[in-house]
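File shown: coords26.cif. Contents: mmCIF, C-alpha atoms.
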```cif
data_run
loop_
_atom_site.label_atom_id
_atom_site.label_comp_id
_atom_site.auth_asym_id
_atom_site.auth_seq_id
_atom_site.Cartn_x
_atom_site.Cartn_y
_atom_site.Cartn_z
CA MET A 1136 -3.38 11.87 11.21
CA LYS A 1137 -5.99 11.74 13.97
CA THR A 1138 -5.77 8.68 16.20
CA SER A 1139 -9.53 7.98 15.92
CA GLY A 1140 -12.68 9.41 14.41
CA ASN A 1141 -11.37 9.42 10.84
CA THR A 1142 -13.32 8.39 7.76
CA ILE A 1143 -10.84 6.33 5.78
CA LEU A 1144 -10.98 5.04 2.21
CA MET A 1145 -8.80 1.92 1.87
CA THR A 1146 -8.19 0.58 -1.63
CA GLY A 1147 -7.28 -3.08 -1.80
CA GLY A 1148 -9.22 -3.49 1.43
CA GLY A 1149 -10.66 -6.93 0.75
CA SER A 1150 -7.57 -8.91 1.69
CA GLY A 1151 -4.00 -8.79 2.93
CA ILE A 1152 -2.54 -5.61 4.35
CA GLY A 1153 -5.59 -3.54 3.42
CA GLU A 1154 -8.00 -5.82 5.26
CA ALA A 1155 -5.79 -6.12 8.34
CA LEU A 1156 -5.34 -2.37 8.63
CA ALA A 1157 -9.03 -1.71 7.98
CA HIS A 1158 -9.89 -3.95 10.93
CA ARG A 1159 -7.45 -2.19 13.23
CA PHE A 1160 -8.58 1.29 12.26
CA HIS A 1161 -12.19 0.19 12.74
CA ASP A 1162 -11.36 -1.18 16.17
CA ARG A 1163 -9.82 2.11 17.29
CA GLY A 1164 -12.91 4.10 16.29
CA ASP A 1165 -12.48 5.04 12.64
CA THR A 1166 -15.05 4.58 9.90
CA VAL A 1167 -13.49 2.67 6.99
CA ILE A 1168 -14.65 2.29 3.40
CA ILE A 1169 -12.89 -0.68 1.81
CA ALA A 1170 -12.68 -0.78 -1.97
CA GLY A 1171 -11.64 -3.57 -4.32
CA ARG A 1172 -12.64 -5.51 -7.39
CA ARG A 1173 -14.45 -8.42 -5.72
CA GLN A 1174 -17.60 -7.79 -3.70
CA ASP A 1175 -17.40 -11.21 -2.04
CA ALA A 1176 -13.94 -10.46 -0.64
CA LEU A 1177 -15.09 -7.04 0.56
CA ASP A 1178 -18.16 -8.53 2.24
CA ARG A 1179 -16.01 -11.09 4.02
CA ALA A 1180 -13.60 -8.41 5.23
CA ALA A 1181 -16.45 -6.22 6.50
CA ALA A 1182 -18.48 -8.97 8.18
CA GLY A 1183 -19.60 -8.07 11.69
CA ARG A 1184 -18.07 -4.58 11.62
CA GLU A 1185 -20.66 -1.84 11.53
CA ARG A 1186 -18.26 0.97 10.62
CA ILE A 1187 -16.72 -0.84 7.65
CA HIS A 1188 -18.47 -0.13 4.36
CA THR A 1189 -17.79 -1.72 0.98
CA VAL A 1190 -17.62 -0.29 -2.54
CA THR A 1191 -16.29 -2.06 -5.64
CA LEU A 1192 -13.58 -0.31 -7.65
CA ASP A 1193 -11.28 -1.23 -10.52
CA VAL A 1194 -8.42 1.28 -10.31
CA GLU A 1195 -7.30 0.34 -13.85
CA ASP A 1196 -10.41 2.05 -15.27
CA ALA A 1197 -9.89 5.84 -15.36
CA ALA A 1198 -13.58 6.65 -15.90
CA ALA A 1199 -14.59 4.28 -13.11
CA VAL A 1200 -12.19 6.03 -10.71
CA ASP A 1201 -13.79 9.42 -11.34
CA ALA A 1202 -17.32 8.04 -10.93
CA PHE A 1203 -16.25 6.18 -7.80
CA ALA A 1204 -14.77 9.34 -6.26
CA GLU A 1205 -17.97 11.29 -6.87
CA ARG A 1206 -20.01 8.55 -5.22
CA ILE A 1207 -17.69 8.28 -2.21
CA VAL A 1208 -17.72 12.03 -1.54
CA ALA A 1209 -21.52 12.09 -1.84
CA ASP A 1210 -22.05 9.07 0.42
CA PHE A 1211 -19.25 9.86 2.91
CA PRO A 1212 -18.81 13.64 3.05
CA ALA A 1213 -16.65 13.29 6.19
CA LEU A 1214 -13.98 11.38 4.22
CA ASN A 1215 -10.62 12.73 5.34
CA VAL A 1216 -8.10 9.90 4.79
CA LEU A 1217 -7.16 8.15 1.54
CA PHE A 1218 -5.08 4.94 1.70
CA ASN A 1219 -3.68 4.11 -1.74
CA ASN A 1220 -3.02 0.46 -0.95
CA ALA A 1221 -4.24 -1.58 -3.95
CA GLY A 1222 -1.47 -3.27 -5.88
CA ILE A 1223 -0.37 -6.37 -7.75
CA MET A 1224 3.00 -8.09 -8.04
CA LYS A 1225 4.20 -10.37 -10.82
CA PHE A 1226 7.47 -12.21 -11.29
CA GLU A 1227 8.99 -11.49 -14.71
CA ASP A 1228 11.81 -12.90 -16.83
CA LEU A 1229 13.53 -10.06 -18.69
CA THR A 1230 16.05 -12.22 -20.55
CA GLY A 1231 13.99 -12.54 -23.73
CA ARG A 1232 11.11 -11.00 -25.63
CA ARG A 1233 7.85 -11.56 -23.73
CA ASP A 1234 4.19 -10.67 -23.40
CA LEU A 1235 4.02 -7.36 -21.52
CA SER A 1236 0.46 -7.72 -20.24
CA ASP A 1237 1.65 -8.28 -16.65
CA ALA A 1238 3.88 -5.21 -16.81
CA ASP A 1239 1.05 -3.12 -18.29
CA ALA A 1240 -1.37 -4.16 -15.56
CA THR A 1241 1.21 -3.58 -12.82
CA LEU A 1242 1.86 -0.04 -14.02
CA ALA A 1243 -1.86 0.70 -14.40
CA ILE A 1244 -2.79 -0.53 -10.93
CA ASN A 1245 0.30 0.40 -8.90
CA VAL A 1246 1.13 3.79 -10.43
CA LEU A 1247 -1.79 5.19 -12.40
CA GLY A 1248 -4.29 3.90 -9.82
CA PRO A 1249 -2.98 5.99 -6.91
CA ILE A 1250 -2.34 8.99 -9.15
CA ARG A 1251 -5.87 8.89 -10.59
CA LEU A 1252 -7.62 8.36 -7.27
CA THR A 1253 -5.60 11.06 -5.54
CA ASN A 1254 -6.41 13.43 -8.37
CA ALA A 1255 -10.11 12.60 -8.20
CA LEU A 1256 -10.28 13.24 -4.44
CA ILE A 1257 -7.74 16.01 -3.91
CA ASP A 1258 -10.19 18.92 -4.09
CA HIS A 1259 -12.39 17.28 -1.46
CA LEU A 1260 -9.49 16.32 0.80
CA SER A 1261 -7.89 19.76 0.58
CA GLY A 1262 -11.03 21.21 2.13
CA GLN A 1263 -11.22 18.68 4.97
CA PRO A 1264 -9.78 19.17 8.46
CA ASP A 1265 -7.15 16.58 9.39
CA ALA A 1266 -6.88 15.37 5.80
CA THR A 1267 -4.29 12.67 5.10
CA ILE A 1268 -3.13 10.65 2.10
CA VAL A 1269 -1.22 7.44 2.77
CA ASN A 1270 0.64 5.88 -0.15
CA VAL A 1271 1.65 2.27 0.36
CA THR A 1272 4.97 1.59 -1.33
CA SER A 1273 7.42 -1.16 -0.36
CA GLY A 1274 10.92 -1.79 0.88
CA LEU A 1275 11.47 -2.73 -2.75
CA ALA A 1276 11.14 0.96 -3.65
CA PHE A 1277 14.65 1.32 -2.23
CA VAL A 1278 16.30 -1.95 -3.23
CA PRO A 1279 14.55 -3.79 -6.08
CA LEU A 1280 13.61 -7.43 -6.12
CA VAL A 1281 15.08 -8.35 -9.49
CA ALA A 1282 12.56 -11.18 -9.96
CA ALA A 1283 9.74 -8.59 -9.81
CA PRO A 1284 11.24 -5.70 -11.77
CA THR A 1285 8.11 -3.83 -12.80
CA TYR A 1286 6.60 -4.09 -9.33
CA SER A 1287 9.79 -2.75 -7.77
CA ALA A 1288 9.90 0.10 -10.29
CA THR A 1289 6.28 1.06 -9.57
CA LYS A 1290 6.97 1.30 -5.86
CA ALA A 1291 10.04 3.47 -6.48
CA ALA A 1292 7.86 5.68 -8.68
CA ILE A 1293 5.21 6.11 -5.98
CA HIS A 1294 7.90 6.85 -3.40
CA SER A 1295 9.13 9.68 -5.61
CA TYR A 1296 5.58 10.85 -6.35
CA THR A 1297 4.86 10.90 -2.62
CA LEU A 1298 7.78 13.26 -1.99
CA SER A 1299 6.45 15.69 -4.61
CA LEU A 1300 2.90 15.37 -3.29
CA ARG A 1301 4.05 16.12 0.27
CA THR A 1302 5.88 19.26 -0.81
CA GLN A 1303 3.07 20.61 -2.98
CA LEU A 1304 0.38 19.92 -0.37
CA ASP A 1305 2.37 21.16 2.61
CA GLY A 1306 -0.02 22.82 5.04
CA LYS A 1307 -3.09 21.44 3.28
CA VAL A 1308 -2.98 17.63 3.39
CA GLU A 1309 -0.68 15.39 5.43
CA ILE A 1310 1.20 12.94 3.21
CA ILE A 1311 2.47 9.66 4.67
CA GLU A 1312 4.36 6.80 3.06
CA LEU A 1313 3.92 3.27 4.36
CA ALA A 1314 6.72 0.99 3.11
CA PRO A 1315 6.18 -2.65 4.11
CA PRO A 1316 8.80 -5.38 4.09
CA GLY A 1317 7.89 -8.80 2.69
CA VAL A 1318 4.65 -9.67 4.50
CA GLN A 1319 2.81 -12.99 4.57
CA THR A 1320 -0.14 -12.21 2.29
CA ASP A 1321 -1.54 -13.58 -0.96
CA LEU A 1322 0.20 -10.87 -3.03
CA THR A 1323 2.11 -13.62 -4.87
CA PRO A 1324 1.52 -17.40 -4.97
CA GLY A 1325 2.73 -19.06 -1.79
CA GLN A 1326 3.62 -15.80 -0.06
CA ALA A 1327 1.08 -16.21 2.75
CA ASN A 1328 3.19 -19.02 4.18
CA ARG A 1329 6.62 -18.05 2.88
CA PRO A 1330 9.43 -18.45 5.44
CA GLY A 1331 11.26 -15.26 6.34
CA TYR A 1332 8.33 -12.96 5.55
CA MET A 1333 6.75 -10.93 8.35
CA PRO A 1334 3.45 -12.37 9.69
CA LEU A 1335 0.54 -10.19 8.60
CA GLU A 1336 -0.97 -9.67 12.05
CA ALA A 1337 2.36 -8.66 13.59
CA PHE A 1338 2.93 -6.23 10.72
CA ALA A 1339 -0.50 -4.64 11.10
CA ASP A 1340 -0.06 -4.26 14.87
CA ALA A 1341 3.32 -2.55 14.40
CA VAL A 1342 1.96 -0.23 11.71
CA VAL A 1343 -1.05 0.90 13.73
CA ALA A 1344 1.21 1.57 16.73
CA GLN A 1345 3.19 3.99 14.56
CA PHE A 1346 0.00 5.63 13.28
CA ALA A 1347 -0.88 6.28 16.94
CA GLN A 1348 2.22 8.45 17.36
CA GLN A 1349 1.77 12.20 17.41
CA PRO A 1350 2.87 13.69 15.15
CA THR A 1351 2.46 10.80 12.74
CA PRO A 1352 5.78 9.85 11.12
CA LYS A 1353 6.16 10.85 7.47
CA GLU A 1354 7.34 7.31 6.80
CA ILE A 1355 5.82 4.29 8.50
CA LEU A 1356 8.65 1.77 8.68
CA VAL A 1357 8.62 -1.40 10.76
CA ASP A 1358 11.98 -2.71 11.94
CA GLU A 1359 11.98 -5.49 9.33
CA VAL A 1360 12.10 -3.04 6.40
CA GLN A 1361 15.03 -0.96 7.61
CA PHE A 1362 17.48 -3.40 5.98
CA LEU A 1363 16.16 -2.15 2.61
CA ARG A 1364 15.22 1.43 3.48
CA GLN A 1365 18.64 2.37 4.84
CA ALA A 1366 20.81 0.37 2.41
CA GLU A 1367 21.88 3.25 0.18
CA ARG A 1368 22.19 5.70 3.06
CA GLU A 1369 24.50 3.29 4.88
CA GLY A 1370 26.67 2.59 1.83
CA ARG A 1371 25.70 -1.07 1.41
CA PHE A 1372 23.33 -0.95 -1.57
CA ASP A 1373 25.20 -3.40 -3.83
CA GLU A 1374 25.64 -5.88 -0.99
CA THR A 1375 21.97 -5.58 -0.02
CA LEU A 1376 20.81 -6.08 -3.61
CA ALA A 1377 22.86 -9.26 -3.89
CA THR A 1378 21.67 -10.51 -0.49
CA LEU A 1379 18.02 -9.76 -1.27
CA THR A 1380 18.23 -11.51 -4.64
CA LYS A 1381 19.72 -14.66 -3.12
CA ARG A 1382 17.49 -14.64 -0.04
CA ALA A 1383 14.29 -14.12 -2.01
CA ALA A 1384 15.07 -17.01 -4.34
CA GLU A 1385 15.74 -19.27 -1.35
CA GLN A 1386 12.55 -18.17 0.40
CA ARG A 1387 10.41 -18.83 -2.66
CA ALA A 1388 12.04 -22.24 -3.13
CA ALA A 1389 11.47 -23.12 0.54
CA GLY A 1390 7.85 -22.00 0.34
CA ASP A 1391 7.21 -23.94 -2.85
CA ALA A 1392 8.67 -27.05 -1.20
CA HIS A 1393 5.88 -26.88 1.38
#
```

Write out the structure in this file as structure tokens.
Amino acid sequence: MKTSGNTILMTGGGSGIGEALAHRFHDRGDTVIIAGRRQDALDRAAAGRERIHTVTLDVEDAAAVDAFAERIVADFPALNVLFNNAGIMKFEDLTGRRDLSDADATLAINVLGPIRLTNALIDHLSGQPDATIVNVTSGLAFVPLVAAPTYSATKAAIHSYTLSLRTQLDGKVEIIELAPPGVQTDLTPGQANRPGYMPLEAFADAVVAQFAQQPTPKEILVDEVQFLRQAEREGRFDETLATLTKRAAEQRAAGDAH
């Protein structure tokens, strides 16, 4: 991925990781289109930044994704980078029959959203010089957070999908996976101030430093996520799963206490 001069589409760009990365890519000389459901959040994220543009998008709506892609290519023909960043996370109790609306929405946004948007833009991107697709997964793709089972499963799915995408598009489009640790954002209630989670600004700084490397790493992994990413490789998966489960419960309890 070029270190400046890109035209980047960032889904989920109105808040959290998407907003923080959009600001940093803008500051280094990229043009960024941020997409999300709420125009007010997008406007706030873009305020005072002339190379950040806003477009609303609901990635759950298949027809809307196709129409959105056509509009983006027409309005920004230099588009060469897609960041599939939009996502939701819900805590779920699997011990009894339940309403599956949260699971349905999580699958639609976290899995079908990136697949649909990549599909809608792949012909354009394949013809662009320095084309890149970045799929944002999670450390939970490698060791699940049992309190968020569908979310963890969606991130594992996109990790696998990314591997296939990279192989099929070899020589045509660069494919990068960004796997964050727990970051202080509003992804779940109380998470923005949850103890033990990585501060958002520190995370964004570390990520952009890795994107500045040439060649760009296939996986963007800050130090804080290696505990999860390397667990199976290092033969400590079961231990890590137990530790994560206990630690996450304690962190949420500590955050709620504040």

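Among the candidates A:Glu1154, A:Asp1196, A:Glu1385, A:Glu1359, the one nearest to A:Pro1330 when counting only C-alpha atoms is A:Glu1385.
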
Inset, instruction - Tell me, as a ChimeraX atom specification, which residues lie within 12 Å of A:Glu1312, counting only C-alpha atoms; anything in the same chain fewer than 3 positions away does not count. - result: /A:1217-1220,1267-1274,1276,1290-1291,1293-1301,1309,1315,1342,1345-1346,1351-1356

Inset, instruction - Counting all atoms listed in the file, figure out which residue out of A:Met1145, A:Val1308, A:Thr1323, A:Asp1165 gets nearest to A:Asp1258. - result: A:Val1308

Legend entry - Atomic distance atom CA of A:Gly1171 - atom CA of A:Thr1191, expressed in Å with one decimal: 5.1 Å

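Selection by the PyMOL selection byres ((chain A and resi 1334) around 12) on the present file picks out Gly1151, Ile1152, Ala1155, Pro1315, Pro1316, Gly1317, Val1318, Gln1319, Thr1320, Asp1321, Gln1326, Ala1327, Asn1328, Arg1329, Pro1330, Gly1331, Tyr1332, Met1333, Leu1335, Glu1336, Ala1337, Phe1338, Ala1339, Asp1340, Ala1341 and Glu1359 of chain A.
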
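Those residues positioned at most 10 Å from (-12.9, 12.5, -7.2) are A:Val1200, A:Asp1201, A:Ala1202, A:Phe1203, A:Ala1204, A:Glu1205, A:Arg1206, A:Ile1207, A:Val1208, A:Arg1251, A:Leu1252, A:Thr1253, A:Asn1254, A:Ala1255, A:Leu1256, A:Ile1257, A:Asp1258, A:His1259, A:Leu1260, judged using only C-alpha atoms.
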
Inset, instruction - Could you give me, as a ChimeraX atom specification, the residues within 10 Å of A:Asp1175, counting only C-alpha atoms and dropping anything in the same chain fewer than 3 positions from it? - result: /A:1149,1171-1172,1178-1181,1189,1191

Legend entry - Nearby residues, (15.7, -12.4, -0.3) file frame, 12 Å, only C-alpha atoms, as a VMD selection string: chain A and resid 1274 to 1275 1278 to 1283 1316 to 1317 1329 to 1332 1362 to 1363 1374 to 1389

Restricted to C-alpha atoms, what would the selected residues look like written as a CSV table (one decimal), in the coordinates of the input?
```
chain,number,residue,atom,x,y,z
A,1274,GLY,CA,10.9,-1.8,0.9
A,1275,LEU,CA,11.5,-2.7,-2.8
A,1278,VAL,CA,16.3,-2.0,-3.2
A,1279,PRO,CA,14.6,-3.8,-6.1
A,1280,LEU,CA,13.6,-7.4,-6.1
A,1281,VAL,CA,15.1,-8.4,-9.5
A,1282,ALA,CA,12.6,-11.2,-10.0
A,1283,ALA,CA,9.7,-8.6,-9.8
A,1316,PRO,CA,8.8,-5.4,4.1
A,1317,GLY,CA,7.9,-8.8,2.7
A,1329,ARG,CA,6.6,-18.0,2.9
A,1330,PRO,CA,9.4,-18.4,5.4
A,1331,GLY,CA,11.3,-15.3,6.3
A,1332,TYR,CA,8.3,-13.0,5.6
A,1362,PHE,CA,17.5,-3.4,6.0
A,1363,LEU,CA,16.2,-2.2,2.6
A,1374,GLU,CA,25.6,-5.9,-1.0
A,1375,THR,CA,22.0,-5.6,0.0
A,1376,LEU,CA,20.8,-6.1,-3.6
A,1377,ALA,CA,22.9,-9.3,-3.9
A,1378,THR,CA,21.7,-10.5,-0.5
A,1379,LEU,CA,18.0,-9.8,-1.3
A,1380,THR,CA,18.2,-11.5,-4.6
A,1381,LYS,CA,19.7,-14.7,-3.1
A,1382,ARG,CA,17.5,-14.6,0.0
A,1383,ALA,CA,14.3,-14.1,-2.0
A,1384,ALA,CA,15.1,-17.0,-4.3
A,1385,GLU,CA,15.7,-19.3,-1.4
A,1386,GLN,CA,12.6,-18.2,0.4
A,1387,ARG,CA,10.4,-18.8,-2.7
A,1388,ALA,CA,12.0,-22.2,-3.1
A,1389,ALA,CA,11.5,-23.1,0.5
```

Inset, instruction - Please provide as a VMD selection string all residues within 10 Å of A:Ile1168, with the sequence filter that same-chain residues fewer than 5 positions apart are discarded (counting all atoms listed in the file). - result: chain A and resid 1142 to 1146 1148 1157 1161 1177 1181 1186 to 1190 1207 1211 1214 1217

Inset, instruction - May I have the residues within 9 Å of A:Ala1238 as a list of chain:residue names, using all atoms listed in the file and disregarding those fewer than 5 positions away in the same chain? - result: A:Lys1225, A:Glu1227, A:Ala1243, A:Pro1284, A:Thr1285, A:Tyr1286

Write out as an mmCIF file with C-alpha atoms, in the coordinates of the input which residues come within 9 Å of A:Ala1347 when counting only C-alpha atoms, dropping same-chain ones fewer than 3 positions away.
```
data_model
loop_
_atom_site.group_PDB
_atom_site.id
_atom_site.type_symbol
_atom_site.label_atom_id
_atom_site.label_comp_id
_atom_site.auth_asym_id
_atom_site.auth_seq_id
_atom_site.Cartn_x
_atom_site.Cartn_y
_atom_site.Cartn_z
ATOM 1 C CA MET A 1136 -3.380 11.870 11.210
ATOM 2 C CA LYS A 1137 -5.990 11.740 13.970
ATOM 3 C CA THR A 1138 -5.770 8.680 16.200
ATOM 4 C CA SER A 1139 -9.530 7.980 15.920
ATOM 5 C CA VAL A 1342 1.960 -0.230 11.710
ATOM 6 C CA VAL A 1343 -1.050 0.900 13.730
ATOM 7 C CA ALA A 1344 1.210 1.570 16.730
ATOM 8 C CA PRO A 1350 2.870 13.690 15.150
ATOM 9 C CA THR A 1351 2.460 10.800 12.740
#
```

Inset, instruction - Enter the distance from atom CA of A:Val1216 to atom CA of A:Ile1310, in Å, rounded to one decimal. - result: 9.9 Å

Inset, instruction - Measure the distance from atom CA of A:Phe1226 to atom CA of A:Thr1241 in Å and round it to one decimal. - result: 10.8 Å

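With only C-alpha atoms as the atoms that count, the minimum distance from A:Gln1263 to the choices A:Val1246, A:Ala1213, A:Ala1198, A:Leu1229 is reached by A:Ala1213.
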
Legend entry - From A:Asn1215, A:Phe1277, A:Asp1239, A:Val1357, residue lying nearest A:Phe1372 [only C-alpha atoms]: A:Phe1277
